[in-house]
Amino acid sequence: MAASAGVGHQRLTGLAAILEYSRLLGAYPAFIMPAARLPLAKPGMKTVLRAARQAAADEGERETLATLYACLALFRDDVTEPLDPWLTNADPADRPELSERYQRLSSLISAEIYQLRLEWDAYRWQDVL
């Protein structure tokens, strides 16, 4: 199954996109990331995650896919470089500003996670009805 790629995104199969996305999440835990780092544009990632849900073997896999779907909120168009929540490599002089930016973006991300969960649940219930 091939998914359409967004501008600037490499064309990948659904499984390859999910694996690369999972790798990114593991390499940058809790980071706020540029959307351009996604293997596919967000709409494409949503499509492959929903398709994978259809093929999931059990509820555990479906829950993992639901988490991956919600984590799309961490990838934002208004971020150009990964934003480390621990500010590990930040210059001490920049830390207060970066910390404030992370907190501000966290509020937006929380709202988007809620919206993504609603989307996922609506999609999930389509299977039941």
# chains A, B, ... in the order shown; residues from 1 in each chain; ligands from 1
call {"tool": "residues_around", "arguments": {"residues": "segment 78-80 of chain A", "least_positions_apart": "4", "cutoff": "12 Å", "atoms": "only C-alpha atoms", "output": "short mmCIF file (atom, residue, chain, number, x, y, z; two decimals) with N, CA and C atoms, in the first residue's frame"}}
result
data_model
loop_
_atom_site.label_atom_id
_atom_site.label_comp_id
_atom_site.auth_asym_id
_atom_site.auth_seq_id
_atom_site.Cartn_x
_atom_site.Cartn_y
_atom_site.Cartn_z
N PHE A 31 9.97 15.35 22.61
CA PHE A 31 10.40 16.54 21.88
C PHE A 31 9.22 17.07 21.06
N ILE A 32 9.20 18.37 20.87
CA ILE A 32 8.29 18.98 19.91
C ILE A 32 9.09 19.08 18.62
N MET A 33 8.55 18.52 17.55
CA MET A 33 9.31 18.33 16.33
C MET A 33 8.73 19.11 15.16
N PRO A 34 9.58 19.47 14.19
CA PRO A 34 9.08 20.07 12.97
C PRO A 34 8.24 19.05 12.18
N ALA A 35 7.10 19.47 11.69
CA ALA A 35 6.25 18.56 10.90
C ALA A 35 6.98 18.05 9.67
N ALA A 36 7.91 18.82 9.17
CA ALA A 36 8.67 18.42 7.98
C ALA A 36 9.51 17.17 8.24
N ARG A 37 9.73 16.80 9.48
CA ARG A 37 10.51 15.59 9.80
C ARG A 37 9.67 14.32 9.68
N ALA A 73 0.48 15.12 17.20
CA ALA A 73 0.38 16.49 17.71
C ALA A 73 1.75 17.07 18.07
N LEU A 74 2.73 16.21 18.32
CA LEU A 74 4.07 16.69 18.65
C LEU A 74 4.80 17.26 17.43
N ASP A 84 13.77 20.31 22.68
CA ASP A 84 14.06 19.37 23.76
C ASP A 84 13.38 19.83 25.04
N LEU A 98 13.33 29.38 25.87
CA LEU A 98 12.98 28.08 25.30
C LEU A 98 11.98 27.34 26.18
N ARG A 101 8.64 28.87 25.60
CA ARG A 101 8.12 28.45 24.28
C ARG A 101 7.60 27.02 24.34
N TYR A 102 8.34 26.14 25.01
CA TYR A 102 7.90 24.75 25.14
C TYR A 102 6.56 24.69 25.87
N LEU A 105 3.75 25.95 23.56
CA LEU A 105 3.42 24.94 22.55
C LEU A 105 2.75 23.72 23.17
N LEU A 108 -0.95 24.05 23.15
CA LEU A 108 -1.51 23.81 21.82
C LEU A 108 -1.50 22.32 21.48
N ILE A 109 -0.44 21.64 21.87
CA ILE A 109 -0.32 20.20 21.61
C ILE A 109 -1.38 19.43 22.37
#
call {"tool": "residues_around", "arguments": {"residues": "Leu38 of chain A", "least_positions_apart": "2", "cutoff": "10 Å", "atoms": "only C-alpha atoms", "output": "ChimeraX atom specification"}}
result
/A:6,9-10,17-18,20-21,24,33-36,40-42,44-45,72,75-76
call {"tool": "select_by_dssp", "arguments": {"residues": "chain A", "states": "alpha helix (DSSP H)", "output": "ChimeraX atom specification"}}
result
/A:14-27,42-55,59-70,95-128
call {"tool": "select_by_dssp", "arguments": {"residues": "chain A", "states": "strand (DSSP E or B)", "output": "PyMOL selection string"}}
result
chain A and resi 2+13+32-34+75-76+83
call {"tool": "write_last_selection", "arguments": {"atoms": "C-alpha atoms", "output": "PDB file, in the first residue's frame"}}
result
ATOM      1  CA  ALA A   2       1.519   3.316  -1.015  1.00  0.00           C
ATOM      2  CA  THR A  13       4.847   2.611   1.888  1.00  0.00           C
ATOM      3  CA  ILE A  32       8.287  18.977  19.911  1.00  0.00           C
ATOM      4  CA  MET A  33       9.313  18.333  16.331  1.00  0.00           C
ATOM      5  CA  PRO A  34       9.078  20.073  12.967  1.00  0.00           C
ATOM      6  CA  PHE A  75       4.914  17.473  14.998  1.00  0.00           C
ATOM      7  CA  ARG A  76       4.185  21.107  14.214  1.00  0.00           C
ATOM      8  CA  LEU A  83      12.608  21.373  20.877  1.00  0.00           C
TER       9      LEU A  83
END
call {"tool": "atom_distance", "arguments": {"atom1": "atom CA of Lys46 of chain A", "atom2": "atom CA of Trp86 of chain A"}}
result
28.2 Å
call {"tool": "atom_distance", "arguments": {"atom1": "atom CA of Ser107 of chain A", "atom2": "atom CA of Leu65 of chain A"}}
result
22.9 Å
call {"tool": "residues_around", "arguments": {"residues": "Ala66 of chain A", "least_positions_apart": "2", "cutoff": "10 Å", "atoms": "only C-alpha atoms", "output": "list in words"}}
result
Leu49, Arg50, Arg53, Gly60, Glu61, Arg62, Glu63, Thr64, Leu68, Tyr69, Ala70, Cys71, Leu116, Arg117, Trp120, Asp121 and Arg124 of chain A
call {"tool": "write_last_selection", "arguments": {"atoms": "C-alpha atoms", "output": "PDB file, in the first residue's frame"}}
result
ATOM      1  CA  LEU A  49      -2.190   4.773  10.701  1.00  0.00           C
ATOM      2  CA  ARG A  50      -5.928   4.312  10.113  1.00  0.00           C
ATOM      3  CA  ARG A  53      -5.627  -0.165  12.379  1.00  0.00           C
ATOM      4  CA  GLY A  60      -2.753  -4.178  21.746  1.00  0.00           C
ATOM      5  CA  GLU A  61      -1.686  -3.237  18.222  1.00  0.00           C
ATOM      6  CA  ARG A  62      -4.749  -1.003  17.838  1.00  0.00           C
ATOM      7  CA  GLU A  63      -3.887   0.797  21.106  1.00  0.00           C
ATOM      8  CA  THR A  64      -0.302   1.321  19.934  1.00  0.00           C
ATOM      9  CA  LEU A  68       0.999   6.935  17.454  1.00  0.00           C
ATOM     10  CA  TYR A  69      -1.970   8.811  15.998  1.00  0.00           C
ATOM     11  CA  ALA A  70      -2.195  11.103  19.052  1.00  0.00           C
ATOM     12  CA  CYS A  71       1.573  11.711  19.000  1.00  0.00           C
ATOM     13  CA  LEU A 116      -6.772  13.579  17.372  1.00  0.00           C
ATOM     14  CA  ARG A 117      -8.217  11.224  20.003  1.00  0.00           C
ATOM     15  CA  TRP A 120      -9.434   8.225  16.178  1.00  0.00           C
ATOM     16  CA  ASP A 121     -12.462   7.281  18.277  1.00  0.00           C
ATOM     17  CA  ARG A 124     -12.841   3.316  15.479  1.00  0.00           C
TER      18      ARG A 124
END
call {"tool": "residues_around", "arguments": {"residues": "Leu87 of chain A", "least_positions_apart": "5", "cutoff": "9 Å", "atoms": "only C-alpha atoms", "output": "PyMOL selection string"}}
result
chain A and resi 92+95+98-99
call {"tool": "closest_residue", "arguments": {"among": "A:Ala93, A:Ala111, A:Ala51, A:Ala57", "to": "Tyr123 of chain A", "atoms": "only C-alpha atoms"}}
result
A:Ala51
call {"tool": "decode", "arguments": {"residues": "chain A", "atoms": "C-alpha atoms", "output": "mmCIF file, in the first residue's frame"}}
result
data_model
loop_
_atom_site.group_PDB
_atom_site.id
_atom_site.type_symbol
_atom_site.label_atom_id
_atom_site.label_comp_id
_atom_site.auth_asym_id
_atom_site.auth_seq_id
_atom_site.Cartn_x
_atom_site.Cartn_y
_atom_site.Cartn_z
ATOM 1 C CA MET A 1 0.000 0.000 0.000
ATOM 2 C CA ALA A 2 1.519 3.316 -1.015
ATOM 3 C CA ALA A 3 0.493 6.541 0.642
ATOM 4 C CA SER A 4 0.680 9.884 -1.075
ATOM 5 C CA ALA A 5 3.503 12.075 0.125
ATOM 6 C CA GLY A 6 3.222 15.712 1.008
ATOM 7 C CA VAL A 7 5.422 18.436 -0.423
ATOM 8 C CA GLY A 8 8.998 17.789 0.625
ATOM 9 C CA HIS A 9 8.194 14.320 1.951
ATOM 10 C CA GLN A 10 9.620 11.137 0.501
ATOM 11 C CA ARG A 11 7.086 8.667 -0.917
ATOM 12 C CA LEU A 12 7.019 5.644 1.399
ATOM 13 C CA THR A 13 4.847 2.611 1.888
ATOM 14 C CA GLY A 14 2.504 2.746 4.855
ATOM 15 C CA LEU A 15 4.543 0.295 6.914
ATOM 16 C CA ALA A 16 7.840 2.042 6.160
ATOM 17 C CA ALA A 17 6.291 5.396 7.123
ATOM 18 C CA ILE A 18 4.998 3.990 10.434
ATOM 19 C CA LEU A 19 8.369 2.406 11.232
ATOM 20 C CA GLU A 20 10.257 5.620 10.455
ATOM 21 C CA TYR A 21 7.739 7.639 12.498
ATOM 22 C CA SER A 22 8.149 5.231 15.439
ATOM 23 C CA ARG A 23 11.923 5.548 15.155
ATOM 24 C CA LEU A 24 11.638 9.350 15.316
ATOM 25 C CA LEU A 25 9.458 9.186 18.419
ATOM 26 C CA GLY A 26 11.943 6.858 20.087
ATOM 27 C CA ALA A 27 14.929 9.022 19.160
ATOM 28 C CA TYR A 28 13.247 12.235 20.324
ATOM 29 C CA PRO A 29 11.028 11.308 23.289
ATOM 30 C CA ALA A 30 8.696 14.159 24.324
ATOM 31 C CA PHE A 31 10.396 16.542 21.884
ATOM 32 C CA ILE A 32 8.287 18.977 19.911
ATOM 33 C CA MET A 33 9.313 18.333 16.331
ATOM 34 C CA PRO A 34 9.078 20.073 12.967
ATOM 35 C CA ALA A 35 6.245 18.563 10.905
ATOM 36 C CA ALA A 36 8.674 18.417 7.985
ATOM 37 C CA ARG A 37 10.506 15.594 9.800
ATOM 38 C CA LEU A 38 7.516 13.265 9.447
ATOM 39 C CA PRO A 39 8.026 10.568 6.808
ATOM 40 C CA LEU A 40 4.737 11.697 5.224
ATOM 41 C CA ALA A 41 2.733 14.890 5.656
ATOM 42 C CA LYS A 42 0.330 14.692 8.633
ATOM 43 C CA PRO A 43 -2.709 13.810 6.496
ATOM 44 C CA GLY A 44 -0.714 10.975 4.911
ATOM 45 C CA MET A 45 0.416 9.725 8.314
ATOM 46 C CA LYS A 46 -3.193 9.753 9.526
ATOM 47 C CA THR A 47 -4.208 7.709 6.491
ATOM 48 C CA VAL A 48 -1.529 5.032 6.951
ATOM 49 C CA LEU A 49 -2.190 4.773 10.701
ATOM 50 C CA ARG A 50 -5.928 4.312 10.113
ATOM 51 C CA ALA A 51 -5.213 1.722 7.421
ATOM 52 C CA ALA A 52 -2.861 -0.115 9.777
ATOM 53 C CA ARG A 53 -5.627 -0.165 12.379
ATOM 54 C CA GLN A 54 -7.791 -2.066 9.907
ATOM 55 C CA ALA A 55 -5.054 -4.694 9.561
ATOM 56 C CA ALA A 56 -4.092 -4.830 13.257
ATOM 57 C CA ALA A 57 -4.065 -8.351 14.677
ATOM 58 C CA ASP A 58 -5.263 -7.486 18.176
ATOM 59 C CA GLU A 59 -6.342 -4.759 20.577
ATOM 60 C CA GLY A 60 -2.753 -4.178 21.746
ATOM 61 C CA GLU A 61 -1.686 -3.237 18.222
ATOM 62 C CA ARG A 62 -4.749 -1.003 17.838
ATOM 63 C CA GLU A 63 -3.887 0.797 21.106
ATOM 64 C CA THR A 64 -0.302 1.321 19.934
ATOM 65 C CA LEU A 65 -1.597 2.798 16.690
ATOM 66 C CA ALA A 66 -3.975 5.055 18.651
ATOM 67 C CA THR A 67 -0.994 6.368 20.635
ATOM 68 C CA LEU A 68 0.999 6.935 17.454
ATOM 69 C CA TYR A 69 -1.970 8.811 15.998
ATOM 70 C CA ALA A 70 -2.195 11.103 19.052
ATOM 71 C CA CYS A 71 1.573 11.711 19.000
ATOM 72 C CA LEU A 72 1.196 13.405 15.619
ATOM 73 C CA ALA A 73 0.384 16.487 17.711
ATOM 74 C CA LEU A 74 4.074 16.691 18.647
ATOM 75 C CA PHE A 75 4.914 17.473 14.998
ATOM 76 C CA ARG A 76 4.185 21.107 14.214
ATOM 77 C CA ASP A 77 4.469 23.410 11.222
ATOM 78 C CA ASP A 78 5.496 26.307 13.494
ATOM 79 C CA VAL A 79 8.644 24.512 14.737
ATOM 80 C CA THR A 80 11.836 24.469 12.663
ATOM 81 C CA GLU A 81 14.169 22.500 14.954
ATOM 82 C CA PRO A 82 13.462 19.774 17.539
ATOM 83 C CA LEU A 83 12.608 21.373 20.877
ATOM 84 C CA ASP A 84 14.063 19.370 23.756
ATOM 85 C CA PRO A 85 11.798 19.445 26.837
ATOM 86 C CA TRP A 86 14.831 19.093 29.113
ATOM 87 C CA LEU A 87 16.769 21.825 27.258
ATOM 88 C CA THR A 88 19.804 19.541 27.434
ATOM 89 C CA ASN A 89 21.892 21.291 24.787
ATOM 90 C CA ALA A 90 20.483 24.780 25.209
ATOM 91 C CA ASP A 91 22.688 27.702 26.091
ATOM 92 C CA PRO A 92 21.894 28.620 29.710
ATOM 93 C CA ALA A 93 21.080 32.161 28.596
ATOM 94 C CA ASP A 94 18.415 30.816 26.192
ATOM 95 C CA ARG A 95 16.788 28.371 28.617
ATOM 96 C CA PRO A 96 14.103 30.677 30.074
ATOM 97 C CA GLU A 97 12.890 31.666 26.591
ATOM 98 C CA LEU A 98 12.976 28.081 25.301
ATOM 99 C CA SER A 99 11.216 26.798 28.398
ATOM 100 C CA GLU A 100 8.453 29.379 27.962
ATOM 101 C CA ARG A 101 8.121 28.450 24.281
ATOM 102 C CA TYR A 102 7.903 24.753 25.136
ATOM 103 C CA GLN A 103 5.176 25.447 27.706
ATOM 104 C CA ARG A 104 3.218 27.616 25.254
ATOM 105 C CA LEU A 105 3.424 24.940 22.551
ATOM 106 C CA SER A 106 2.502 22.234 25.074
ATOM 107 C CA SER A 107 -0.886 23.862 25.558
ATOM 108 C CA LEU A 108 -1.511 23.806 21.815
ATOM 109 C CA ILE A 109 -0.315 20.204 21.607
ATOM 110 C CA SER A 110 -2.658 19.127 24.415
ATOM 111 C CA ALA A 111 -5.597 20.575 22.516
ATOM 112 C CA GLU A 112 -4.505 18.839 19.313
ATOM 113 C CA ILE A 113 -4.035 15.507 21.110
ATOM 114 C CA TYR A 114 -7.618 15.785 22.339
ATOM 115 C CA GLN A 115 -8.809 16.481 18.776
ATOM 116 C CA LEU A 116 -6.772 13.579 17.372
ATOM 117 C CA ARG A 117 -8.217 11.224 20.003
ATOM 118 C CA LEU A 118 -11.716 12.300 18.986
ATOM 119 C CA GLU A 119 -10.868 11.645 15.320
ATOM 120 C CA TRP A 120 -9.434 8.225 16.178
ATOM 121 C CA ASP A 121 -12.462 7.281 18.277
ATOM 122 C CA ALA A 122 -14.831 8.374 15.505
ATOM 123 C CA TYR A 123 -12.886 6.241 13.039
ATOM 124 C CA ARG A 124 -12.841 3.316 15.479
ATOM 125 C CA TRP A 125 -16.596 3.477 15.945
ATOM 126 C CA GLN A 126 -17.136 3.313 12.174
ATOM 127 C CA ASP A 127 -15.900 -0.286 12.390
ATOM 128 C CA VAL A 128 -18.367 -1.131 15.134
ATOM 129 C CA LEU A 129 -21.455 0.353 13.520
#
